[in-house]
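Colleague: Structure incoming, see below.
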Amino acid sequence: MPPLLTFVARLSDGLPLVANAAPDFSNGGGGGGVTQVHKGQAKDILRGLGGTASASAKMSIDTTNNLVFHYLVRDALCYLTLTERSYPKRLAFLYLEEVADAFLESLAQDHGDHGWRDAVATTARPYAYIKFDLVIQRKRKDFVDPTSRQNATKLNADLADIQSIMRRNIDEVLNRGEKLEHVSTVSNNLVAESKKFKWGAKKLTWQAMVNQYGPMAAAGLFVVFVLYMKFFW
């Protein structure tokens with residue numbers, strides 16, 4: 001199954017700019033176990049990210065009916081999709097990357113490289129960029145079959161580390177009062193602590209080398225100084 005739901009939203013307040021649903025869902029069917037509840041959850045996730053400068057760039061969120069939300073944050077915009085749990089996580093984020101590239105290209109064509117940010121920031125009407133739905137439809141069709149040669153090539157060419165992407169449960173994110181901002185802060189703190197640990201390890205290694213070889217180096221310099229004073233002074 002391809003990505004079942006796709007949203008592009010403004011990060012500052014979660015305003016949806018464009019949305020796309022797989023045909024069986026948009027026609028009211030139960031395709032892939034998707035329900036109106038999932039659509040509501042998607043909007044709640046987007047609103048929960050609103051205005052959080054520390055929002056994780058990528059995250060996966062498990063929900064009901066063996067489905068998973070994946071979102072990507074780029075250039076003050078959030079790209080969110082819903083897939084079956086069996087759908088490759090790496091391919092889901094590649095899909096979001098391609099949607100993001102196409103959406104930003106479309107914005108630049110309509111408003112200029114420097115004007116599109118203002119256009120998005122001042123947009124007041126939900127789904128103001130609904131014309132982009134056709135592009136998402138084409139992208140979604142490209143990602144229908146994870147085993148296709150085209151998608152296999154994409155997976156082989158992608159070097160992104162998906163192991164570091166946080167994974168949460170929809171109940172934790174929405175129903176238990178845990179805000180995405182807090183989750184993102186925890187993620188960023190872990191990254192910061194990891195950098196501090198690496199720097200501390202390098203510092204300790206350098207100090208150990210100084211302690212080990214410092215006395216020998218000092219003794220060598222002293223011998224050279226004595227010889228210089230004896231023969232050349």
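All residue names refer to the structure tokens as shown: chains lettered A, B, ... in order, residues numbered from 1 in each chain, ligands numbered from 1 in order.
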Neighbours of Ala102 in chain A within 10 Å (only C-alpha atoms; same-chain residues fewer than 6 positions away dropped), as a PyMOL selection string?

Modeller: chain A and resi 96+108+132+135-136+139

Colleague: Take the selection from the previous step and output its residues with C-alpha atoms, as a PDB file, in the first residue's frame.

Modeller:
```pdb
ATOM      1  CA  LEU A  96       8.492  12.912   2.430  1.00  0.00           C
ATOM      2  CA  ALA A 108       9.761  29.216  -5.408  1.00  0.00           C
ATOM      3  CA  PHE A 132      -0.228  20.845  -5.076  1.00  0.00           C
ATOM      4  CA  VAL A 135       1.878  16.525  -7.379  1.00  0.00           C
ATOM      5  CA  ILE A 136       1.407  14.529  -4.175  1.00  0.00           C
ATOM      6  CA  LYS A 139       4.531  11.072  -5.860  1.00  0.00           C
TER       7      LYS A 139
END
```

Colleague: DSSP on the backbone, then: every residue of range 47-143 of chain A marked strand (DSSP E), written as a PyMOL selection string.

Modeller: chain A and resi 58-62+67-74+77-84

Colleague: Each residue of range 97-141 of chain A lying at most 10 Å from range 15-23 of chain A should get a row with its shortest atom-to-atom pair and the distance in Å to one decimal, counting only C-alpha atoms; could you produce that, ordered by chain and increasing number, as a Markdown table?

Modeller:
```
| residue | atom | partner | partner_atom | distance |
| --- | --- | --- | --- | --- |
| A:Phe103 | CA | A:Val18 | CA | 9.9 |
| A:Val120 | CA | A:Leu17 | CA | 8.6 |
| A:Thr123 | CA | A:Leu17 | CA | 8.6 |
| A:Ala124 | CA | A:Leu15 | CA | 8.3 |
| A:Arg125 | CA | A:Leu17 | CA | 8.2 |
| A:Pro126 | CA | A:Pro16 | CA | 5.5 |
| A:Tyr127 | CA | A:Leu17 | CA | 4.1 |
| A:Ala128 | CA | A:Leu17 | CA | 5.5 |
| A:Tyr129 | CA | A:Leu17 | CA | 5.4 |
| A:Ile130 | CA | A:Val18 | CA | 4.9 |
| A:Lys131 | CA | A:Val18 | CA | 8.0 |
| A:Phe132 | CA | A:Val18 | CA | 6.9 |
| A:Asp133 | CA | A:Asn20 | CA | 6.0 |
| A:Leu134 | CA | A:Asn20 | CA | 8.7 |
| A:Val135 | CA | A:Asn20 | CA | 9.8 |
| A:Ile136 | CA | A:Asn20 | CA | 6.9 |
| A:Gln137 | CA | A:Asn20 | CA | 7.3 |
| A:Arg140 | CA | A:Ala22 | CA | 8.5 |
| A:Lys141 | CA | A:Ala22 | CA | 9.7 |
```

Colleague: Can you measure CA of Asn156 in chain A to CA of Lys89 in chain A for me? One decimal in Å is fine.

Modeller: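 About the pair CA of Asn156 in chain A and CA of Lys89 in chain A: they are 13.6 Å apart.
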
Colleague: Hey, which of A:Gln150, A:Gln36, A:Thr6, A:Thr122 ends up closest to His70 in chain A? Count only C-alpha atoms.

Modeller: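 Counting only C-alpha atoms, the residue closest to His70 in chain A is A:Thr6.
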
Colleague: Name the closest residue to Ile61 in chain A among the candidates A:Glu84, A:Asp13, A:Asp142, A:Asp113; distances are taken between atoms, counting only C-alpha atoms.

Modeller: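 When distances to Ile61 in chain A are compared using only C-alpha atoms, the smallest one comes from A:Glu84.
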
Colleague: Go through A:Met216, A:Leu5, A:Leu221, A:Ala57 and flag the residue nearest Leu80 in chain A, using only C-alpha atoms for the distances.

Modeller: A:Leu5

Colleague: Wanna dump the range 72-159 of chain A-range 37-44 of chain A contacts at 12 Å for me, each residue with its shortest atom pair and the distance in Å to one decimal, counting only C-alpha atoms, ordered by chain and number, as a tab-separated table?

Modeller:
```
residue	atom	partner	partner_atom	distance
A:Cys78	CA	A:Ala42	CA	11.3
A:Tyr79	CA	A:Ala42	CA	10.6
A:Leu80	CA	A:Ala42	CA	7.6
A:Thr81	CA	A:Ala42	CA	8.3
A:Leu82	CA	A:Ala42	CA	8.4
A:Thr83	CA	A:His38	CA	10.9
A:Pro126	CA	A:Lys43	CA	11.8
```

Colleague: Let's see if you can do this: from backbone DSSP, list all alpha helix (DSSP H) residues in range 41-147 of chain A, as a PyMOL selection string.

Modeller: chain A and resi 41-49+89-111+116-121+133-142

Colleague: Quote the spacing between CA of Arg85 in chain A and CA of Leu67 in chain A in Å to one decimal place.

Modeller: 4.9 Å

Colleague: Separation of CA of Val73 in chain A and CA of Ser86 in chain A, in Å?

Modeller: 22.9 Å
